$ cat entry-v2.pdb   # PDB, C-alpha atoms
MODEL        1
ATOM      1  CA  MET A   1       6.820  28.200   1.037
ATOM      2  CA  SER A   2       8.852  27.266  -1.996
ATOM      3  CA  VAL A   3      10.347  23.777  -2.059
ATOM      4  CA  PRO A   4      13.731  23.604  -3.825
ATOM      5  CA  ALA A   5      13.648  21.591  -7.056
ATOM      6  CA  SER A   6      16.002  18.993  -5.595
ATOM      7  CA  GLU A   7      13.533  18.287  -2.753
ATOM      8  CA  ARG A   8      10.309  18.148  -4.767
ATOM      9  CA  LEU A   9       8.467  14.847  -4.400
ATOM     10  CA  VAL A  10       5.418  13.310  -6.041
ATOM     11  CA  PHE A  11       3.703  10.854  -3.696
ATOM     12  CA  SER A  12       3.235   7.176  -4.551
ATOM     13  CA  HIS A  13      -0.573   7.325  -4.676
ATOM     14  CA  VAL A  14      -0.258   9.584  -7.753
ATOM     15  CA  LEU A  15       1.715   6.877  -9.567
ATOM     16  CA  GLU A  16      -0.738   4.291  -8.269
ATOM     17  CA  GLY A  17      -3.617   6.321  -9.670
ATOM     18  CA  LEU A  18      -1.983   6.606 -13.075
ATOM     19  CA  TYR A  19      -0.361   3.218 -13.656
ATOM     20  CA  PHE A  20      -2.525   0.845 -11.597
ATOM     21  CA  ARG A  21      -5.923   2.553 -11.883
ATOM     22  CA  ALA A  22      -6.262   4.858 -14.874
ATOM     23  CA  LEU A  23      -3.997   2.872 -17.218
ATOM     24  CA  LYS A  24      -4.903  -0.601 -15.974
ATOM     25  CA  GLY A  25      -4.561  -3.011 -18.891
ATOM     26  CA  ARG A  26      -2.602  -0.499 -20.991
ATOM     27  CA  VAL A  27       0.782  -0.836 -19.272
ATOM     28  CA  THR A  28       2.653  -3.371 -21.394
ATOM     29  CA  PRO A  29       5.725  -5.382 -20.312
ATOM     30  CA  ARG A  30       7.819  -3.192 -22.635
ATOM     31  CA  PHE A  31       6.435  -0.071 -20.926
ATOM     32  CA  VAL A  32       7.188  -1.521 -17.467
ATOM     33  CA  GLN A  33      10.753  -2.220 -18.609
ATOM     34  CA  ARG A  34      11.189   1.316 -19.971
ATOM     35  CA  LEU A  35       9.954   2.852 -16.719
ATOM     36  CA  ARG A  36      12.396   0.670 -14.768
ATOM     37  CA  ALA A  37      15.374   1.310 -17.064
ATOM     38  CA  GLU A  38      14.828   4.977 -17.929
ATOM     39  CA  ALA A  39      13.031   6.411 -14.877
ATOM     40  CA  ASP A  40      14.044   3.996 -12.090
ATOM     41  CA  VAL A  41      10.375   3.252 -11.335
ATOM     42  CA  ASP A  42       9.622  -0.436 -10.873
ATOM     43  CA  LEU A  43       5.912  -1.179 -11.151
ATOM     44  CA  GLU A  44       6.530  -4.839 -10.260
ATOM     45  CA  LYS A  45       7.654  -3.945  -6.726
ATOM     46  CA  PRO A  46       5.937  -1.912  -4.027
ATOM     47  CA  LEU A  47       6.080   1.773  -4.889
ATOM     48  CA  LYS A  48       8.394   4.038  -2.928
ATOM     49  CA  PRO A  49       6.645   6.635  -0.729
ATOM     50  CA  GLY A  50       7.703   9.434  -3.080
ATOM     51  CA  TYR A  51       9.508  10.107  -6.342
ATOM     52  CA  SER A  52      11.553  13.123  -7.373
ATOM     53  CA  HIS A  53      10.055  15.717  -9.681
ATOM     54  CA  ALA A  54      12.661  14.753 -12.299
ATOM     55  CA  THR A  55      11.588  11.097 -12.073
ATOM     56  CA  TRP A  56       7.919  12.071 -12.348
ATOM     57  CA  THR A  57       8.667  14.209 -15.410
ATOM     58  CA  LYS A  58      10.492  11.286 -17.033
ATOM     59  CA  CYS A  59       7.590   8.938 -16.201
ATOM     60  CA  LEU A  60       5.102  11.251 -17.882
ATOM     61  CA  GLN A  61       7.305  11.690 -20.941
ATOM     62  CA  LEU A  62       7.682   7.905 -21.271
ATOM     63  CA  THR A  63       3.926   7.496 -20.821
ATOM     64  CA  ALA A  64       3.336   9.996 -23.621
ATOM     65  CA  GLN A  65       5.728   8.128 -25.916
ATOM     66  CA  GLU A  66       4.242   4.719 -25.137
ATOM     67  CA  LEU A  67       0.540   5.544 -25.170
ATOM     68  CA  PHE A  68       0.352   8.427 -27.623
ATOM     69  CA  PRO A  69       3.069   7.769 -30.226
ATOM     70  CA  GLY A  70       3.026  10.308 -33.027
ATOM     71  CA  GLN A  71       1.086  12.905 -31.019
ATOM     72  CA  PRO A  72       2.760  16.148 -30.022
ATOM     73  CA  GLU A  73       4.039  15.849 -26.458
ATOM     74  CA  GLU A  74       1.864  18.801 -25.338
ATOM     75  CA  GLN A  75      -1.356  17.023 -26.402
ATOM     76  CA  ALA A  76      -0.263  13.683 -24.989
ATOM     77  CA  LEU A  77       0.658  15.207 -21.615
ATOM     78  CA  GLN A  78      -2.707  16.979 -21.430
ATOM     79  CA  GLN A  79      -4.510  13.682 -22.074
ATOM     80  CA  ILE A  80      -2.350  11.970 -19.454
ATOM     81  CA  GLY A  81      -3.223  14.720 -16.953
ATOM     82  CA  ALA A  82      -6.948  14.117 -17.452
ATOM     83  CA  THR A  83      -6.475  10.334 -17.306
ATOM     84  CA  LEU A  84      -4.279  10.638 -14.223
ATOM     85  CA  THR A  85      -6.915  12.705 -12.448
ATOM     86  CA  LYS A  86      -9.596  10.104 -13.109
ATOM     87  CA  GLY A  87      -7.306   7.347 -11.826
ATOM     88  CA  TYR A  88      -6.174   9.401  -8.843
ATOM     89  CA  PHE A  89      -9.795   9.859  -7.827
ATOM     90  CA  ASP A  90     -10.035   6.043  -7.690
ATOM     91  CA  THR A  91      -7.401   5.880  -4.916
ATOM     92  CA  ILE A  92      -8.271   6.259  -1.225
ATOM     93  CA  VAL A  93      -6.797   9.761  -0.959
ATOM     94  CA  GLY A  94      -8.125  10.862  -4.345
ATOM     95  CA  GLY A  95     -11.601   9.449  -3.718
ATOM     96  CA  ALA A  96     -12.011  11.618  -0.648
ATOM     97  CA  LEU A  97     -10.824  14.638  -2.637
ATOM     98  CA  ALA A  98     -13.247  13.936  -5.526
ATOM     99  CA  ALA A  99     -16.188  13.696  -3.123
ATOM    100  CA  MET A 100     -15.233  17.004  -1.562
ATOM    101  CA  LEU A 101     -14.857  18.726  -4.977
ATOM    102  CA  ARG A 102     -18.361  17.624  -5.985
ATOM    103  CA  VAL A 103     -19.777  19.119  -2.787
ATOM    104  CA  LEU A 104     -17.816  22.372  -3.149
ATOM    105  CA  GLY A 105     -18.711  23.017  -6.788
ATOM    106  CA  PRO A 106     -16.347  24.563  -9.348
ATOM    107  CA  ALA A 107     -15.931  28.067  -7.897
ATOM    108  CA  ARG A 108     -14.947  26.934  -4.407
ATOM    109  CA  ALA A 109     -13.017  23.910  -5.702
ATOM    110  CA  VAL A 110     -10.825  26.087  -7.927
ATOM    111  CA  LYS A 111     -10.146  28.477  -5.038
ATOM    112  CA  ARG A 112      -8.749  25.605  -2.965
ATOM    113  CA  MET A 113      -6.707  24.093  -5.819
ATOM    114  CA  ASP A 114      -3.477  24.676  -3.882
ATOM    115  CA  ARG A 115      -4.537  22.204  -1.191
ATOM    116  CA  SER A 116      -5.909  19.763  -3.758
ATOM    117  CA  LEU A 117      -2.642  19.705  -5.703
ATOM    118  CA  ARG A 118      -0.619  19.326  -2.505
ATOM    119  CA  SER A 119      -2.429  16.078  -1.750
ATOM    120  CA  GLY A 120      -0.285  14.520  -4.487
ATOM    121  CA  ASN A 121       3.092  16.185  -3.897
ATOM    122  CA  ASN A 122       5.089  18.315  -1.483
ATOM    123  CA  TYR A 123       5.727  21.339  -3.694
ATOM    124  CA  SER A 124       2.660  22.649  -5.518
ATOM    125  CA  GLU A 125       1.862  26.289  -5.061
ATOM    126  CA  CYS A 126      -1.201  27.824  -6.622
ATOM    127  CA  ARG A 127      -2.713  31.307  -6.604
ATOM    128  CA  VAL A 128      -6.205  31.942  -7.925
ATOM    129  CA  THR A 129      -7.497  35.376  -8.855
ATOM    130  CA  GLU A 130     -11.238  35.634  -9.320
ATOM    131  CA  LEU A 131     -12.098  37.815 -12.316
ATOM    132  CA  GLY A 132     -15.864  37.452 -12.087
ATOM    133  CA  PRO A 133     -18.516  34.750 -11.784
ATOM    134  CA  GLY A 134     -17.138  31.597 -13.401
ATOM    135  CA  LYS A 135     -13.863  33.236 -14.478
ATOM    136  CA  VAL A 136     -10.456  32.991 -12.800
ATOM    137  CA  THR A 137      -6.760  33.221 -13.501
ATOM    138  CA  MET A 138      -4.666  30.496 -11.881
ATOM    139  CA  TRP A 139      -0.881  30.623 -11.388
ATOM    140  CA  THR A 140       0.984  27.487 -10.363
ATOM    141  CA  ASN A 141       4.651  26.642  -9.945
ATOM    142  CA  GLU A 142       4.565  23.644 -12.298
ATOM    143  CA  SER A 143       7.459  23.967 -14.707
ATOM    144  CA  GLY A 144       8.613  22.685 -18.060
ATOM    145  CA  PRO A 145       6.513  20.320 -20.132
ATOM    146  CA  LEU A 146       4.459  19.335 -17.080
ATOM    147  CA  ARG A 147       2.463  22.535 -17.569
ATOM    148  CA  TYR A 148       0.525  20.602 -20.235
ATOM    149  CA  ASN A 149      -0.104  17.738 -17.825
ATOM    150  CA  MET A 150      -1.348  20.318 -15.307
ATOM    151  CA  LEU A 151      -3.734  21.675 -17.952
ATOM    152  CA  GLY A 152      -5.341  18.216 -18.172
ATOM    153  CA  VAL A 153      -5.405  17.853 -14.373
ATOM    154  CA  ILE A 154      -7.088  21.233 -13.892
ATOM    155  CA  ARG A 155      -9.631  20.599 -16.652
ATOM    156  CA  GLN A 156     -10.599  17.180 -15.281
ATOM    157  CA  GLY A 157     -10.714  18.386 -11.677
ATOM    158  CA  ALA A 158     -12.959  21.347 -12.539
ATOM    159  CA  GLU A 159     -15.266  19.088 -14.546
ATOM    160  CA  ILE A 160     -15.530  16.636 -11.650
ATOM    161  CA  ALA A 161     -16.404  19.621  -9.430
ATOM    162  CA  GLY A 162     -19.293  20.340 -11.799
ATOM    163  CA  ALA A 163     -17.963  23.028 -14.161
ATOM    164  CA  LYS A 164     -20.094  23.241 -17.315
ATOM    165  CA  ASN A 165     -18.850  24.602 -20.661
ATOM    166  CA  LEU A 166     -15.368  24.783 -19.190
ATOM    167  CA  LYS A 167     -12.571  26.544 -21.033
ATOM    168  CA  VAL A 168      -8.974  26.287 -19.818
ATOM    169  CA  ALA A 169      -6.036  27.895 -21.598
ATOM    170  CA  ILE A 170      -2.382  28.522 -20.867
ATOM    171  CA  THR A 171      -1.887  32.285 -21.019
ATOM    172  CA  ASN A 172       1.690  32.616 -19.795
ATOM    173  CA  PHE A 173       4.610  30.444 -18.716
ATOM    174  CA  ASP A 174       8.287  30.621 -17.931
ATOM    175  CA  ASP A 175      10.912  28.189 -16.613
ATOM    176  CA  GLU A 176       9.367  28.157 -13.131
ATOM    177  CA  SER A 177       5.600  28.553 -13.510
ATOM    178  CA  VAL A 178       2.495  28.635 -15.669
ATOM    179  CA  THR A 179      -0.653  30.778 -15.675
ATOM    180  CA  PHE A 180      -4.050  29.496 -16.836
ATOM    181  CA  ASP A 181      -7.319  31.237 -17.598
ATOM    182  CA  LEU A 182     -10.395  29.227 -16.615
ATOM    183  CA  SER A 183     -14.005  30.024 -17.363
ATOM    184  CA  TRP A 184     -17.248  28.085 -16.972
ATOM    185  CA  ASP A 185     -20.975  28.717 -16.774
ATOM    186  CA  ALA A 186     -21.578  30.292 -13.374
TER     187      ALA A 186
ENDMDL
END

$ encode --input "entry-v2.pdb" --output "structure tokens"
Amino acid sequence: MSVPASERLVFSHVLEGLYFRALKGRVTPRFVQRLRAEADVDLEKPLKPGYSHATWTKCLQLTAQELFPGQPEEQALQQIGATLTKGYFDTIVGGALAAMLRVLGPARAVKRMDRSLRSGNNYSECRVTELGPGKVTMWTNESGPLRYNMLGVIRQGAEIAGAKNLKVAITNFDDESVTFDLSWDA
């Protein structure tokens, strides 16, 4: 079920996890102003139920510029993805997901990544191909620079699920999707 780009939404608890949990104390007044002016996200008012994919992309790009100036955007977005995941797991929805991932362990957690990602938006699609014990290929429909954010999300999620000696790499991408190779000690 592919959601058209114009209808893709990221749910408010994802922004809550990033800006109010993971980045608590690091969101400056200047940063709040930039988010309001450039992304139409006002952190001083109640969050909307959902934000467009384009708005979410802009938020992450602004976050990279504000918190990781001078770093390549790819590295900054990967760090934000890991930070976001930690903060997301501090929300009510994310906390339940984190507890479940720990119980499942890395192999089963990775296999259900599609459902995990969909807890934060209405569009994520994910296909996992098991290549052997502790080795999978994962395709997801995350596009553009957010593939690097997804790399951080996947890494952090697999580590929370208990993956040891984890390696995650982007092996292929195009305008619509990205493919990752993941391996860990089985």

$ resolve_selection --input "entry-v2.pdb" --expression "the PyMOL selection byres ((chain A and resi 8) around 9)" --output "list in words"
Val3, Pro4, Ala5, Ser6, Glu7, Leu9, Val10, Tyr51, Ser52, His53, Ala54, Asn121, Asn122, Tyr123 and Ser124 of chain A

$ closest_residue --input "entry-v2.pdb" --among "A:Val27, A:Leu62, A:Val168, A:Leu18" --to "Gly81 of chain A" --atoms "all atoms listed in the file"
A:Leu18

$ resolve_selection --input "entry-v2.pdb" --expression "the PyMOL selection byres ((chain A and resi 142) around 7)" --output "tab-separated table (two decimals) with C-alpha atoms, keeping the file's coordinate frame"
chain	number	residue	atom	x	y	z
A	140	THR	CA	0.98	27.49	-10.36
A	141	ASN	CA	4.65	26.64	-9.94
A	143	SER	CA	7.46	23.97	-14.71
A	146	LEU	CA	4.46	19.34	-17.08
A	147	ARG	CA	2.46	22.54	-17.57
A	176	GLU	CA	9.37	28.16	-13.13
A	177	SER	CA	5.60	28.55	-13.51
A	178	VAL	CA	2.50	28.64	-15.67

$ resolve_selection --input "entry-v2.pdb" --expression "the PyMOL selection byres ((chain A and resi 60) around 12)" --output "NGL selection string"
:A and (14-15 or 18-19 or 31 or 34-35 or 38-39 or 41 or 53-59 or 61-68 or 73-74 or 76-81 or 83-84 or 144-150)

$ atom_distance --input "entry-v2.pdb" --atom1 "atom CA of Trp139 of chain A" --atom2 "atom CA of Phe180 of chain A"
6.4 Å

$ closest_residue --input "entry-v2.pdb" --among "A:Ser119, A:Gln33, A:Asn165, A:Thr91" --to "Phe20 of chain A" --atoms "only C-alpha atoms"
A:Thr91

$ atom_distance --input "entry-v2.pdb" --atom1 "atom CA of Asp90 of chain A" --atom2 "atom CA of Lys111 of chain A"
22.6 Å

$ residues_near_point --input "entry-v2.pdb" --point "(-13.3, 22.1, -12.6)" --cutoff "9 Å" --atoms "only C-alpha atoms" --output "JSON, numbers by chain"
{"A": [101, 105, 106, 107, 109, 110, 154, 155, 156, 157, 158, 159, 160, 161, 162, 163, 164, 166, 182, 184]}

$ atom_distance --input "entry-v2.pdb" --atom1 "atom CA of Pro72 of chain A" --atom2 "atom CA of Thr137 of chain A"
25.6 Å

$ closest_residue --input "entry-v2.pdb" --among "A:Glu125, A:Glu130, A:Asp114, A:Glu16" --to "Tyr88 of chain A" --atoms "all atoms listed in the file"
A:Glu16

$ residues_near_point --input "entry-v2.pdb" --point "(-6.6, 31.0, -17.2)" --cutoff "10 Å" --atoms "all atoms listed in the file" --output "PyMOL selection string"
chain A and resi 128-129+135-139+151+167-172+178-183

$ closest_residue --input "entry-v2.pdb" --among "A:Ala186, A:Ala37, A:Leu23, A:Leu97" --to "Gly120 of chain A" --atoms "all atoms listed in the file"
A:Leu97

$ closest_residue --input "entry-v2.pdb" --among "A:Ala82, A:Val103, A:Gly70, A:Ala96" --to "Ser116 of chain A" --atoms "all atoms listed in the file"
A:Ala96
